Amino acid sequence: MGKKQSLLKKINGILRQARVPVYLHKFGPKTYTSLQHAKCWLLKEKIGCSWKDFIEDHVMYYNVKKIPDDSTLKKFVKRLPIWLKNKLVALSANIEYAEYGAIDSTGLSRTNASEHYIKRIDRKNPIKRSMKLSMYVTKCKILSFRLRAKWCGDTKDVHYLLDNSPIIAETNCMDKGYDSNETHKQFRDRGVFSIIAVKKNCRRGNYRKEMRDCFDYGQYWQRNAAEYDNSSLKRRFGSFVKSTKFQTQHSEVAARIILHNLKHIFTRLFHQSPFIYKYKFCL
């Protein structure tokens, strides 16, 4: 029960730091605040169950006294503004300085169809094309993300990720998919350094030529942080999304990233443990 209370305290702390509006809209009667809705949204994604199962079985387990109806919660998740989700992700990272950062993208399946079902309908390809998730990470923290319904070039998401990140790392590493002179320029304009593996037959671009002639493999291996976060996110929450609409899919992925960041925050950031308090008092 103590671990559940700890998670609830972390969620309450990050929602208060984000200064979530009392109500996200001005229409209709308002019985529950957006703080109560957002708390249920994160807890439900942590458990990984349906809304009905969360209301019936897990509400008392997390000591949540007041909870809206499942249809109300579904509408709230669908209407969550993107700026609020980006702000919660930035606050959950809780970091002020980063030496190394990395950008990478991965795919998320829209369905979790079994191999038996695919074989039964005589289909070899996936039922629906996967979604594209791009993330800007440092060590075990995800600083910003962008979810796309259709795949596109990796370089198109760099500007968005940097603008929505709370900090920019001193050195940023990316794979060959981000090899572009414009990508290097975006980092240099912000006063930081970028390391991107160049493609074969590199001939144009001053920054790309610099990477071709003087490539630092020792720092480039820090790109593994992005691979670790991609793997950790999928191992914990799965490599697929359960929602059908893109708005709810975006909220689902945002909740996963927030919970992933909260996992690595020390407990003392939201409440002092007895051991830490006793240790500080003895000093």
# chains A, B, ... in the order shown; residues from 1 in each chain; ligands from 1
>>> closest_atom_pairs(of="region 79-180 of chain A", to="region 185-201 of chain A", cutoff="10 Å", atoms="only C-alpha atoms", output="CSV")
residue,atom,partner,partner_atom,distance
A:Tyr100,CA,A:Phe193,CA,9.7
A:Gly101,CA,A:Ser194,CA,9.2
A:Ala102,CA,A:Ser194,CA,9.3
A:Val158,CA,A:Gln186,CA,8.3
A:His159,CA,A:Gln186,CA,7.2
A:Leu162,CA,A:Phe187,CA,8.7
A:Ile168,CA,A:Val192,CA,7.6
A:Ala169,CA,A:Val192,CA,7.2
A:Glu170,CA,A:Val192,CA,5.1
A:Thr171,CA,A:Phe193,CA,4.9
A:Asn172,CA,A:Ser194,CA,4.6
A:Cys173,CA,A:Ile195,CA,4.7
A:Met174,CA,A:Ile196,CA,4.9
A:Asp175,CA,A:Ala197,CA,5.4
A:Lys176,CA,A:Ala197,CA,4.9
A:Gly177,CA,A:Lys199,CA,8.5
A:Tyr178,CA,A:Ile196,CA,6.8
A:Asp179,CA,A:Val198,CA,5.7
A:Ser180,CA,A:Val198,CA,8.4
>>> write_last_selection(atoms="N, CA and C atoms", output="compact mmCIF listing (two decimals), in the first residue's frame")
# COMPACT_ATOMS: atom_id res chain seq x y z
N TYR A 100 24.70 14.74 -22.22
CA TYR A 100 24.45 14.04 -23.47
C TYR A 100 22.95 13.86 -23.68
N GLY A 101 22.53 14.01 -24.92
CA GLY A 101 21.15 13.78 -25.32
C GLY A 101 21.12 12.99 -26.62
N ALA A 102 19.98 12.42 -26.92
CA ALA A 102 19.84 11.62 -28.14
C ALA A 102 18.41 11.71 -28.65
N VAL A 158 12.81 17.14 -35.54
CA VAL A 158 13.87 17.65 -34.67
C VAL A 158 13.49 19.02 -34.10
N HIS A 159 13.02 19.91 -34.95
CA HIS A 159 12.68 21.27 -34.49
C HIS A 159 11.58 21.23 -33.43
N LEU A 162 12.99 19.89 -30.00
CA LEU A 162 13.84 20.85 -29.30
C LEU A 162 13.03 21.99 -28.71
N ILE A 168 18.21 21.62 -23.31
CA ILE A 168 18.92 21.08 -24.46
C ILE A 168 20.27 20.58 -23.97
N ALA A 169 20.60 19.33 -24.26
CA ALA A 169 21.86 18.75 -23.81
C ALA A 169 23.05 19.41 -24.52
N GLU A 170 24.21 19.32 -23.89
CA GLU A 170 25.41 19.93 -24.47
C GLU A 170 25.84 19.21 -25.74
N THR A 171 25.75 17.88 -25.76
CA THR A 171 26.12 17.08 -26.93
C THR A 171 24.95 16.16 -27.27
N ASN A 172 24.55 16.17 -28.54
CA ASN A 172 23.38 15.42 -28.97
C ASN A 172 23.79 14.45 -30.08
N CYS A 173 23.37 13.18 -29.92
CA CYS A 173 23.77 12.12 -30.84
C CYS A 173 22.55 11.57 -31.56
N MET A 174 22.70 11.31 -32.86
CA MET A 174 21.62 10.77 -33.69
C MET A 174 22.21 9.83 -34.74
N ASP A 175 21.35 8.97 -35.29
CA ASP A 175 21.81 8.02 -36.29
C ASP A 175 21.76 8.65 -37.69
N LYS A 176 21.98 7.83 -38.71
CA LYS A 176 22.06 8.34 -40.07
C LYS A 176 20.74 8.87 -40.60
N GLY A 177 19.63 8.47 -39.99
CA GLY A 177 18.34 8.98 -40.46
C GLY A 177 18.19 10.48 -40.28
N TYR A 178 18.98 11.07 -39.38
CA TYR A 178 18.92 12.52 -39.11
C TYR A 178 20.06 13.27 -39.77
N ASP A 179 20.78 12.62 -40.68
CA ASP A 179 21.92 13.25 -41.34
C ASP A 179 21.43 14.35 -42.27
N SER A 180 21.59 15.58 -41.83
CA SER A 180 21.19 16.74 -42.62
C SER A 180 21.95 17.95 -42.10
>>> select_by_dssp(residues="region 33-250 of chain A", states="helix (DSSP H, G or I)", output="number ranges by chain")
A: 34-47, 51-58, 70-79, 82-93, 115-120, 154-163, 176-178, 181-189, 206-213, 217-237, 246-250
>>> closest_residue(among="A:Ser134, A:Thr155, A:Ser144, A:Asn112", to="Gly238 (chain A)", atoms="only C-alpha atoms")
A:Asn112
>>> closest_atom_pairs(of="region 232-256 of chain A", to="region 34-58 of chain A", cutoff="12 Å", atoms="only C-alpha atoms", output="CSV")
residue,atom,partner,partner_atom,distance
A:Leu233,CA,A:Lys46,CA,12.0
A:Arg236,CA,A:Lys46,CA,9.5
A:Phe237,CA,A:Gly48,CA,7.6
A:Gly238,CA,A:Gly48,CA,9.7
A:Phe240,CA,A:Gly48,CA,11.9
A:Val241,CA,A:Gly48,CA,10.6
A:Lys242,CA,A:Ser50,CA,9.4
A:Ser243,CA,A:Ser50,CA,10.4
A:Thr248,CA,A:Trp41,CA,10.9
A:Gln249,CA,A:Glu45,CA,11.6
A:Ser251,CA,A:Trp41,CA,8.9
A:Glu252,CA,A:Glu45,CA,7.1
A:Val253,CA,A:Glu45,CA,9.2
A:Ala254,CA,A:Leu42,CA,9.3
A:Ala255,CA,A:Leu42,CA,5.7
A:Arg256,CA,A:Glu45,CA,6.8
>>> residues_around(residues="region 18-28 of chain A", least_positions_apart="5", cutoff="8 Å", atoms="only C-alpha atoms", output="ChimeraX atom specification")
/A:33-35,84,87-88,91
>>> closest_residue(among="A:Lys119, A:Arg16, A:Arg146, A:Lys78", to="Asp104 (chain A)", atoms="only C-alpha atoms")
A:Arg146
>>> select_by_dssp(residues="region 7-182 of chain A", states="strand (DSSP E or B)", output="MDAnalysis selection string")
chainID A and resid 100:109 131:138 141:148 171:174
>>> write_last_selection(atoms="C-alpha atoms", output="compact mmCIF listing (two decimals), in the first residue's frame")
# COMPACT_ATOMS: atom_id res chain seq x y z
CA TYR A 100 24.45 14.04 -23.47
CA GLY A 101 21.15 13.78 -25.32
CA ALA A 102 19.84 11.62 -28.14
CA ILE A 103 16.96 11.62 -30.61
CA ASP A 104 15.50 8.47 -32.09
CA SER A 105 12.19 7.18 -33.43
CA THR A 106 10.33 3.91 -33.12
CA GLY A 107 7.05 2.37 -34.23
CA LEU A 108 3.91 1.59 -32.25
CA SER A 109 1.38 -0.88 -33.57
CA MET A 131 2.52 4.88 -35.82
CA LYS A 132 5.77 6.82 -35.52
CA LEU A 133 7.02 7.95 -32.10
CA SER A 134 10.01 10.32 -31.99
CA MET A 135 11.63 11.10 -28.62
CA TYR A 136 14.35 13.36 -27.30
CA VAL A 137 15.98 11.65 -24.31
CA THR A 138 18.87 11.94 -21.89
CA LYS A 141 14.55 10.57 -18.93
CA ILE A 142 12.36 11.44 -21.92
CA LEU A 143 12.40 15.22 -22.41
CA SER A 144 9.92 15.56 -25.29
CA PHE A 145 8.10 13.43 -27.83
CA ARG A 146 6.08 13.61 -31.03
CA LEU A 147 3.58 11.04 -32.24
CA ARG A 148 2.63 10.83 -35.92
CA THR A 171 26.12 17.08 -26.93
CA ASN A 172 23.38 15.42 -28.97
CA CYS A 173 23.77 12.12 -30.84
CA MET A 174 21.62 10.77 -33.69
